[in-house]
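**Student:** Contents of my_file28.tsv (TSV, C-alpha atoms):
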```tsv
chain	number	residue	atom	x	y	z
A	1	MET	CA	-7.83	79.80	51.52
A	2	PRO	CA	-4.14	79.05	51.24
A	3	GLY	CA	-2.03	82.17	51.11
A	4	LEU	CA	-4.38	84.43	52.96
A	5	MET	CA	-3.28	86.03	56.20
A	6	ILE	CA	-4.99	88.54	58.44
A	7	GLU	CA	-3.59	90.05	61.61
A	8	ARG	CA	-5.56	92.23	64.02
A	9	GLU	CA	-5.22	93.23	67.65
A	10	VAL	CA	-7.05	94.95	70.45
A	11	LEU	CA	-6.15	96.30	73.88
A	12	ILE	CA	-8.51	95.11	76.59
A	13	GLU	CA	-8.93	96.62	80.07
A	14	ALA	CA	-9.11	93.27	81.86
A	15	PRO	CA	-6.59	90.77	83.29
A	16	VAL	CA	-5.24	88.09	80.95
A	17	GLU	CA	-7.16	85.29	82.77
A	18	VAL	CA	-10.49	87.02	82.11
A	19	VAL	CA	-9.69	87.48	78.44
A	20	TRP	CA	-8.56	83.85	78.24
A	21	ARG	CA	-11.92	82.65	79.57
A	22	THR	CA	-13.75	84.91	77.13
A	23	ILE	CA	-12.03	83.46	74.09
A	24	THR	CA	-11.93	79.80	75.15
A	25	GLU	CA	-15.17	78.99	76.99
A	26	PRO	CA	-17.74	77.66	74.50
A	27	ASP	CA	-20.64	79.64	76.02
A	28	GLN	CA	-18.54	82.80	75.66
A	29	MET	CA	-17.38	81.87	72.15
A	30	SER	CA	-20.97	81.65	71.08
A	31	GLN	CA	-21.28	85.35	71.91
A	32	TRP	CA	-18.44	86.61	69.74
A	33	PHE	CA	-17.86	83.94	67.13
A	34	ALA	CA	-20.50	81.42	66.15
A	35	ASP	CA	-24.16	81.15	67.14
A	36	ARG	CA	-23.52	77.78	68.70
A	37	VAL	CA	-20.20	76.24	69.69
A	38	GLU	CA	-19.73	72.60	70.64
A	39	LEU	CA	-16.14	72.24	71.61
A	40	VAL	CA	-13.87	70.82	74.27
A	41	VAL	CA	-10.91	73.15	74.54
A	42	GLU	CA	-8.12	70.58	74.48
A	43	PRO	CA	-5.35	70.14	71.92
A	44	GLY	CA	-6.55	67.84	69.12
A	45	ALA	CA	-10.23	68.07	70.11
A	46	HIS	CA	-12.76	68.24	67.28
A	47	GLY	CA	-15.95	70.21	67.57
A	48	PHE	CA	-18.62	72.01	65.62
A	49	MET	CA	-19.68	75.60	65.11
A	50	GLU	CA	-22.97	76.88	63.81
A	51	PHE	CA	-23.53	80.19	62.03
A	52	GLY	CA	-27.19	80.79	61.31
A	53	ASP	CA	-28.24	77.89	59.09
A	54	GLN	CA	-24.63	77.05	58.27
A	55	GLY	CA	-22.05	75.23	60.30
A	56	GLY	CA	-18.75	73.51	60.13
A	57	PRO	CA	-16.15	71.48	61.97
A	58	VAL	CA	-13.48	73.05	64.11
A	59	ALA	CA	-10.29	71.42	65.39
A	60	VAL	CA	-8.31	72.72	68.35
A	61	GLU	CA	-4.54	72.96	67.89
A	62	ILE	CA	-2.78	74.76	70.75
A	63	VAL	CA	-4.15	75.37	74.25
A	64	ASP	CA	-1.55	77.09	76.39
A	65	PRO	CA	-3.37	79.04	79.12
A	66	PRO	CA	-3.50	81.96	79.45
A	67	THR	CA	-1.45	83.09	76.47
A	68	ARG	CA	-1.98	80.92	73.38
A	69	PHE	CA	-5.04	79.35	71.80
A	70	SER	CA	-5.42	78.21	68.21
A	71	PHE	CA	-7.86	76.24	66.10
A	72	ARG	CA	-8.53	75.33	62.50
A	73	TRP	CA	-11.83	75.88	60.74
A	74	ASN	CA	-13.28	76.29	57.26
A	75	HIS	CA	-12.18	72.82	56.24
A	76	PRO	CA	-14.33	70.33	54.29
A	77	ARG	CA	-16.55	68.15	56.45
A	78	GLY	CA	-15.18	64.65	56.84
A	79	GLU	CA	-11.62	65.73	56.07
A	80	GLU	CA	-8.80	66.18	58.56
A	81	PRO	CA	-7.98	69.88	58.86
A	82	VAL	CA	-4.43	70.52	57.67
A	83	ALA	CA	-2.51	73.45	56.21
A	84	GLY	CA	-3.95	73.97	52.77
A	85	ASN	CA	-7.56	72.89	53.31
A	86	SER	CA	-8.38	75.06	56.32
A	87	MET	CA	-7.80	78.37	58.05
A	88	LEU	CA	-5.73	78.53	61.22
A	89	VAL	CA	-6.85	81.05	63.83
A	90	GLU	CA	-4.19	81.87	66.43
A	91	PHE	CA	-4.83	84.00	69.49
A	92	THR	CA	-1.93	85.44	71.47
A	93	LEU	CA	-2.61	87.14	74.81
A	94	THR	CA	0.02	89.43	76.31
A	95	PRO	CA	-0.52	90.90	79.78
A	96	GLU	CA	0.31	94.60	79.98
A	97	GLY	CA	0.11	95.20	83.70
A	98	ASP	CA	-2.39	93.55	86.08
A	99	GLU	CA	-5.56	94.75	84.45
A	100	ARG	CA	-4.72	95.17	80.80
A	101	THR	CA	-4.24	92.59	78.02
A	102	ARG	CA	-3.15	92.87	74.43
A	103	LEU	CA	-5.05	90.34	72.32
A	104	ARG	CA	-3.73	89.53	68.86
A	105	VAL	CA	-5.40	87.29	66.31
A	106	VAL	CA	-3.81	85.91	63.16
A	107	GLU	CA	-5.94	84.02	60.67
A	108	SER	CA	-3.98	82.31	57.95
A	109	GLY	CA	-4.22	79.58	55.37
A	110	HIS	CA	-0.71	79.61	54.03
A	111	GLU	CA	1.59	76.67	53.65
A	112	LEU	CA	5.06	77.78	54.52
A	113	LEU	CA	6.55	74.39	55.28
A	114	ALA	CA	7.86	73.63	51.80
A	115	TRP	CA	9.54	77.01	51.39
A	116	PRO	CA	13.22	77.82	51.81
A	117	ASP	CA	14.00	79.70	55.04
A	118	ALA	CA	14.92	82.93	53.28
A	119	GLU	CA	11.53	83.03	51.58
A	120	LYS	CA	9.73	82.23	54.82
A	121	GLU	CA	11.48	85.16	56.45
A	122	ARG	CA	10.66	87.50	53.61
A	123	TYR	CA	7.03	86.37	53.71
A	124	ALA	CA	6.79	86.80	57.47
A	125	GLY	CA	8.45	90.21	57.16
A	126	GLU	CA	5.94	91.33	54.58
A	127	HIS	CA	3.12	90.05	56.74
A	128	ARG	CA	4.17	92.05	59.75
A	129	GLY	CA	3.03	94.98	57.66
A	130	GLY	CA	-0.18	93.08	56.98
A	131	TRP	CA	-1.92	91.73	53.95
A	132	ALA	CA	-4.33	94.59	53.68
A	133	GLU	CA	-1.40	96.97	53.48
A	134	TYR	CA	0.31	94.91	50.79
A	135	LEU	CA	-2.81	95.05	48.65
A	136	ASP	CA	-3.32	98.72	49.45
A	137	ARG	CA	0.22	99.42	48.32
A	138	LEU	CA	-0.42	97.61	45.03
A	139	ALA	CA	-3.65	99.50	44.53
A	140	THR	CA	-1.93	102.83	45.23
A	141	LEU	CA	0.86	102.06	42.76
A	142	LEU	CA	-1.74	101.09	40.22
A	143	ALA	CA	-3.74	104.28	40.72
A	144	LYS	CA	-0.59	106.36	40.22
A	145	ARG	CA	0.22	104.55	37.00
A	146	GLN	CA	-3.20	104.90	35.45
A	147	PRO	CA	-4.08	108.42	34.40
A	148	GLY	CA	-7.55	109.46	35.54
B	1	MET	CA	-16.12	85.87	44.57
B	2	THR	CA	-16.69	82.18	45.09
B	3	ALA	CA	-14.61	80.13	47.50
B	4	GLN	CA	-12.82	78.53	44.57
B	5	THR	CA	-11.72	81.79	42.98
B	6	ASP	CA	-10.76	83.06	46.43
B	7	ASP	CA	-8.47	80.08	46.84
B	8	GLU	CA	-6.82	80.76	43.50
B	9	LEU	CA	-6.48	84.43	44.28
B	10	TRP	CA	-4.85	84.06	47.70
B	11	SER	CA	-2.63	81.19	46.57
B	12	ALA	CA	-1.50	83.31	43.66
B	13	ILE	CA	-0.49	86.22	45.90
B	14	ALA	CA	0.96	84.00	48.64
B	15	ASP	CA	4.10	83.02	46.80
B	16	PRO	CA	6.94	85.55	47.31
B	17	SER	CA	8.26	85.17	43.76
B	18	ARG	CA	4.81	85.75	42.29
B	19	ARG	CA	4.39	88.78	44.49
B	20	ARG	CA	7.59	90.16	43.03
B	21	VAL	CA	6.27	89.58	39.51
B	22	LEU	CA	2.96	91.19	40.46
B	23	ASP	CA	4.78	94.15	42.01
B	24	LEU	CA	6.71	94.69	38.78
B	25	LEU	CA	3.56	94.48	36.72
B	26	VAL	CA	1.78	96.95	38.96
B	27	SER	CA	4.59	99.48	38.82
B	28	ASN	CA	5.53	99.05	35.15
B	29	GLY	CA	2.57	97.50	33.36
B	30	ASP	CA	2.44	96.30	29.76
B	31	VAL	CA	5.69	94.39	29.82
B	32	SER	CA	6.80	91.11	28.30
B	33	ALA	CA	7.88	87.92	30.05
B	34	SER	CA	11.47	88.55	28.86
B	35	TRP	CA	11.48	92.03	30.38
B	36	LEU	CA	10.18	90.56	33.67
B	37	ALA	CA	12.82	87.83	33.59
B	38	GLY	CA	15.48	90.54	33.36
B	39	HIS	CA	14.22	92.13	36.57
B	40	VAL	CA	13.89	89.11	38.88
B	41	PRO	CA	16.49	86.73	40.29
B	42	PHE	CA	14.84	83.64	38.78
B	43	SER	CA	14.62	82.01	35.37
B	44	ARG	CA	12.51	82.98	32.38
B	45	GLN	CA	10.82	79.58	32.73
B	46	ALA	CA	9.86	80.33	36.34
B	47	VAL	CA	8.51	83.72	35.26
B	48	SER	CA	6.29	82.03	32.67
B	49	LYS	CA	4.91	79.65	35.30
B	50	HIS	CA	4.13	82.51	37.68
B	51	LEU	CA	2.40	84.43	34.90
B	52	VAL	CA	0.15	81.44	34.21
B	53	VAL	CA	-0.90	81.27	37.88
B	54	LEU	CA	-1.49	85.01	38.13
B	55	GLU	CA	-3.52	84.97	34.92
B	56	ARG	CA	-5.61	82.01	36.12
B	57	ALA	CA	-6.37	83.91	39.32
B	58	GLY	CA	-7.58	86.78	37.15
B	59	LEU	CA	-4.99	89.19	38.56
B	60	ILE	CA	-3.30	89.84	35.20
B	61	SER	CA	-4.16	89.57	31.54
B	62	ARG	CA	-2.18	89.40	28.33
B	63	ARG	CA	-2.45	91.04	24.94
B	64	LYS	CA	-0.52	90.72	21.73
B	65	GLN	CA	1.35	93.66	20.31
B	66	GLY	CA	3.04	92.76	17.06
B	67	ARG	CA	5.07	89.68	17.83
B	68	GLU	CA	5.23	90.37	21.53
B	69	VAL	CA	2.91	89.26	24.32
B	70	LEU	CA	2.47	91.97	26.94
B	71	TYR	CA	1.11	91.48	30.45
B	72	GLN	CA	-0.84	93.89	32.59
B	73	VAL	CA	-2.57	93.98	35.96
B	74	GLU	CA	-6.35	93.58	36.13
B	75	ALA	CA	-7.19	96.58	38.29
B	76	ASP	CA	-10.77	95.45	39.02
B	77	ARG	CA	-9.66	92.09	40.31
B	78	LEU	CA	-6.99	93.66	42.47
B	79	ASP	CA	-9.57	96.06	43.80
B	80	GLN	CA	-11.92	93.16	44.51
B	81	ALA	CA	-9.13	91.41	46.43
B	82	THR	CA	-8.43	94.55	48.45
B	83	ARG	CA	-12.09	94.86	49.37
B	84	ALA	CA	-12.43	91.15	50.26
B	85	MET	CA	-9.40	91.55	52.49
B	86	ALA	CA	-10.80	94.66	54.16
B	87	GLU	CA	-14.08	92.83	54.80
B	88	LEU	CA	-12.29	89.93	56.50
B	89	ALA	CA	-10.27	92.36	58.60
B	90	ALA	CA	-13.47	94.20	59.55
B	91	GLN	CA	-15.05	90.90	60.58
B	92	TRP	CA	-12.17	90.23	63.00
B	93	ASP	CA	-12.34	93.80	64.29
B	94	ARG	CA	-16.01	93.24	65.11
B	95	ARG	CA	-15.20	89.95	66.87
B	96	LEU	CA	-12.33	91.49	68.83
B	97	GLY	CA	-14.61	94.38	69.76
B	98	THR	CA	-17.15	91.95	71.19
B	99	ILE	CA	-14.43	90.04	73.07
B	100	LYS	CA	-13.22	93.34	74.55
B	101	ARG	CA	-16.73	94.26	75.68
B	102	LEU	CA	-17.39	90.79	77.18
B	103	ALA	CA	-14.05	90.65	79.02
B	104	GLU	CA	-14.28	94.19	80.37
B	105	THR	CA	-17.85	93.61	81.58
B	106	ALA	CA	-16.82	90.33	83.26
B	107	HIS	CA	-13.86	92.07	84.87
B	108	ALA	CA	-16.04	94.89	86.21
B	109	GLU	CA	-18.50	92.37	87.62
B	110	ASN	CA	-15.70	90.36	89.26
B	111	LYS	CA	-14.41	93.51	90.93
B	112	LYS	CA	-17.86	94.45	92.16
B	113	ARG	CA	-18.38	90.96	93.58
B	114	ASN	CA	-14.99	91.01	95.29
B	115	ARG	CA	-15.79	94.35	96.90
B	116	HIS	CA	-19.04	92.93	98.28
B	117	GLU	CA	-17.28	89.86	99.61
B	118	GLY	CA	-14.33	91.82	100.97
```
Before anything else, please render the file you have as structure tokens.

**Tutor:**
Amino acid sequence: MPGLMIEREVLIEAPVEVVWRTITEPDQMSQWFADRVELVVEPGAHGFMEFGDQGGPVAVEIVDPPTRFSFRWNHPRGEEPVAGNSMLVEFTLTPEGDERTRLRVVESGHELLAWPDAEKERYAGEHRGGWAEYLDRLATLLAKRQPG
Amino acid sequence: MTAQTDDELWSAIADPSRRRVLDLLVSNGDVSASWLAGHVPFSRQAVSKHLVVLERAGLISRRKQGREVLYQVEADRLDQATRAMAELAAQWDRRLGTIKRLAETAHAENKKRNRHEG
């Protein structure tokens, strides 16, 4: 889904290393993400995820313990995952003290590469507010405009 | 929404210029391409192209009034997009919630084990 971007975060009462293991170890991933995860967590590694009777390929992009982990999914089987045919999921872990971690996830399918810098900045700026908020704002404006 | 229409929808909203056009249509409604062109820093031709993409994604529609073509936002489609977005966000919130529970449980167990060993 090119163009789509979602950003969420959570504060976890556990050290960054523990959170890192939870999001990167395949047997842990199968508890929060897919039903079955076959994956070697190494940059460039290709794997497979199963959801019920559906499944799809997954390709690891960045593995930078214990702060950055990203992968691409939702791309057509047999095709290389690239911007435009897949969704990129990026996890960022930020320690906040010894026993607390802020975990942020951004899922996006946009292709920013071809854009001029000024537009990229504007886009990123708008996204800091979040996609949901952009759409909410449109919906609110619309509701105001339409009587009843 | 099918995956295909989703693609068209998100691509349509992704472009900053198209978002500006969509913003204008949401706040002003029932306006012509010329009016839009007078309110954006790009050409009338570019406006026409953006309108085609937005219309194909189902986000706007056109109607004829006399000799003018007027554009308006499709509220249902926008609403659908908002809900699809909220559902995806909720999905990630559920996943992050599970990660939090797993990590906090593992951390508590590690501490208990360390106490026993220490």

**Student:** Select from chain B every residue with an atom at most 9 Å from any atom of chain A, then for each give the shortest pair of atoms and their distance in Å to one decimal, using all atoms listed in the file, rows by chain and rising number, as a tab-separated table.

**Tutor:**
```
residue	atom	partner	partner_atom	distance
B:Ala3	CA	A:Met1	CA	7.9
B:Gln4	CA	A:Met1	CA	8.6
B:Asp6	CA	A:Met1	CA	6.7
B:Asp7	CA	A:Met1	CA	4.7
B:Glu8	CA	A:Met1	CA	8.1
B:Leu9	CA	A:Gly3	CA	8.5
B:Trp10	CA	A:Gly3	CA	4.8
B:Ser11	CA	A:Gly3	CA	4.7
B:Ala12	CA	A:Gly3	CA	7.6
B:Ile13	CA	A:Gly3	CA	6.8
B:Ala14	CA	A:Gly3	CA	4.3
B:Asp15	CA	A:Gly3	CA	7.5
B:Pro16	CA	A:Tyr123	CA	6.5
B:Ser17	CA	A:Glu119	CA	8.7
B:Leu22	CA	A:Leu138	CA	8.6
B:Asp23	CA	A:Leu138	CA	6.9
B:Val26	CA	A:Leu142	CA	5.6
B:Ser27	CA	A:Leu141	CA	6.0
B:Asn28	CA	A:Arg145	CA	7.9
B:Gly29	CA	A:Arg145	CA	8.3
B:Val73	CA	A:Leu142	CA	8.3
B:Ala75	CA	A:Leu142	CA	7.3
B:Leu78	CA	A:Ala139	CA	7.0
B:Asp79	CA	A:Ala139	CA	6.9
B:Ala81	CA	A:Leu135	CA	7.6
B:Thr82	CA	A:Leu135	CA	5.6
B:Arg83	CA	A:Ala132	CA	8.9
B:Met85	CA	A:Ala132	CA	6.0
B:Ala86	CA	A:Ala132	CA	6.5
B:Leu88	CA	A:Ile6	CA	7.7
B:Ala89	CA	A:Ile6	CA	6.5
B:Trp92	CA	A:Arg8	CA	7.0
B:Asp93	CA	A:Arg8	CA	7.0
B:Arg94	CA	A:Trp32	CA	8.4
B:Arg95	CA	A:Trp32	CA	5.5
B:Leu96	CA	A:Val10	CA	6.5
B:Gly97	CA	A:Val10	CA	7.6
B:Thr98	CA	A:Trp32	CA	5.7
B:Ile99	CA	A:Trp32	CA	6.2
B:Lys100	CA	A:Ile12	CA	5.4
B:Arg101	CA	A:Ile12	CA	8.3
B:Leu102	CA	A:Thr22	CA	6.9
B:Ala103	CA	A:Val19	CA	5.4
B:Glu104	CA	A:Ala14	CA	5.5
B:Thr105	CA	A:Ala14	CA	8.8
B:Ala106	CA	A:Val18	CA	7.2
B:His107	CA	A:Ala14	CA	5.8
B:Ala108	CA	A:Ala14	CA	8.3
```

**Student:** I'd like the interatomic distance between CA of Gln54 (chain A) and CA of Phe71 (chain A), to a tenth of an Å.

**Tutor:**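 Here the two named atoms are 18.5 Å from each other.
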
**Student:** Between A:Pro43, A:Pro95, A:Pro81, A:Gly52, which one has atoms that come closest to Thr67 (chain A), using all atoms listed in the file?

**Tutor:** A:Pro95

**Student:** Excluding Arg63 (chain B) and residues on its chain fewer than 2 positions from it, collect all residues at most 12 Å away from it, counting only C-alpha atoms, and give them as a PyMOL selection string.

**Tutor:** chain B and resi 29-33+55+60-61+65-73

**Student:** Which of these residues is nearest to Arg44 (chain B), using only C-alpha atoms: B:Glu109, B:Ala57, B:Val21, B:Gln80?

**Tutor:**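 Using only C-alpha atoms, Arg44 (chain B) sits closest to B:Val21.
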
**Student:** Report, in Å with one decimal, the straight-line distance from CA of Pro76 (chain A) to CA of Glu61 (chain A).

**Tutor:** 17.0 Å

**Student:** Measure the distance from CA of Ser34 (chain B) to CA of Val47 (chain B) in Å and round it to one decimal.

**Tutor:**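 Separating CA of Ser34 (chain B) from CA of Val47 (chain B) is a distance of 8.5 Å.
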
**Student:** Residues proximal to (-20.9, 77.3, 71.5) were defined as those with any atom within 9 Å of that point in the file's coordinates, counting all atoms listed in the file. Which are they, as a PyMOL selection string?

**Tutor:** chain A and resi 25-31+33-39+48-50

**Student:** So that I can see what lies close to Val82 (chain A), please list as a ChimeraX atom specification the residues with an atom at most 10 Å from it, counting all atoms listed in the file and leaving out residues fewer than 3 positions away in the same chain.

**Tutor:** /A:59,72-73,75,79,85-88,109,111
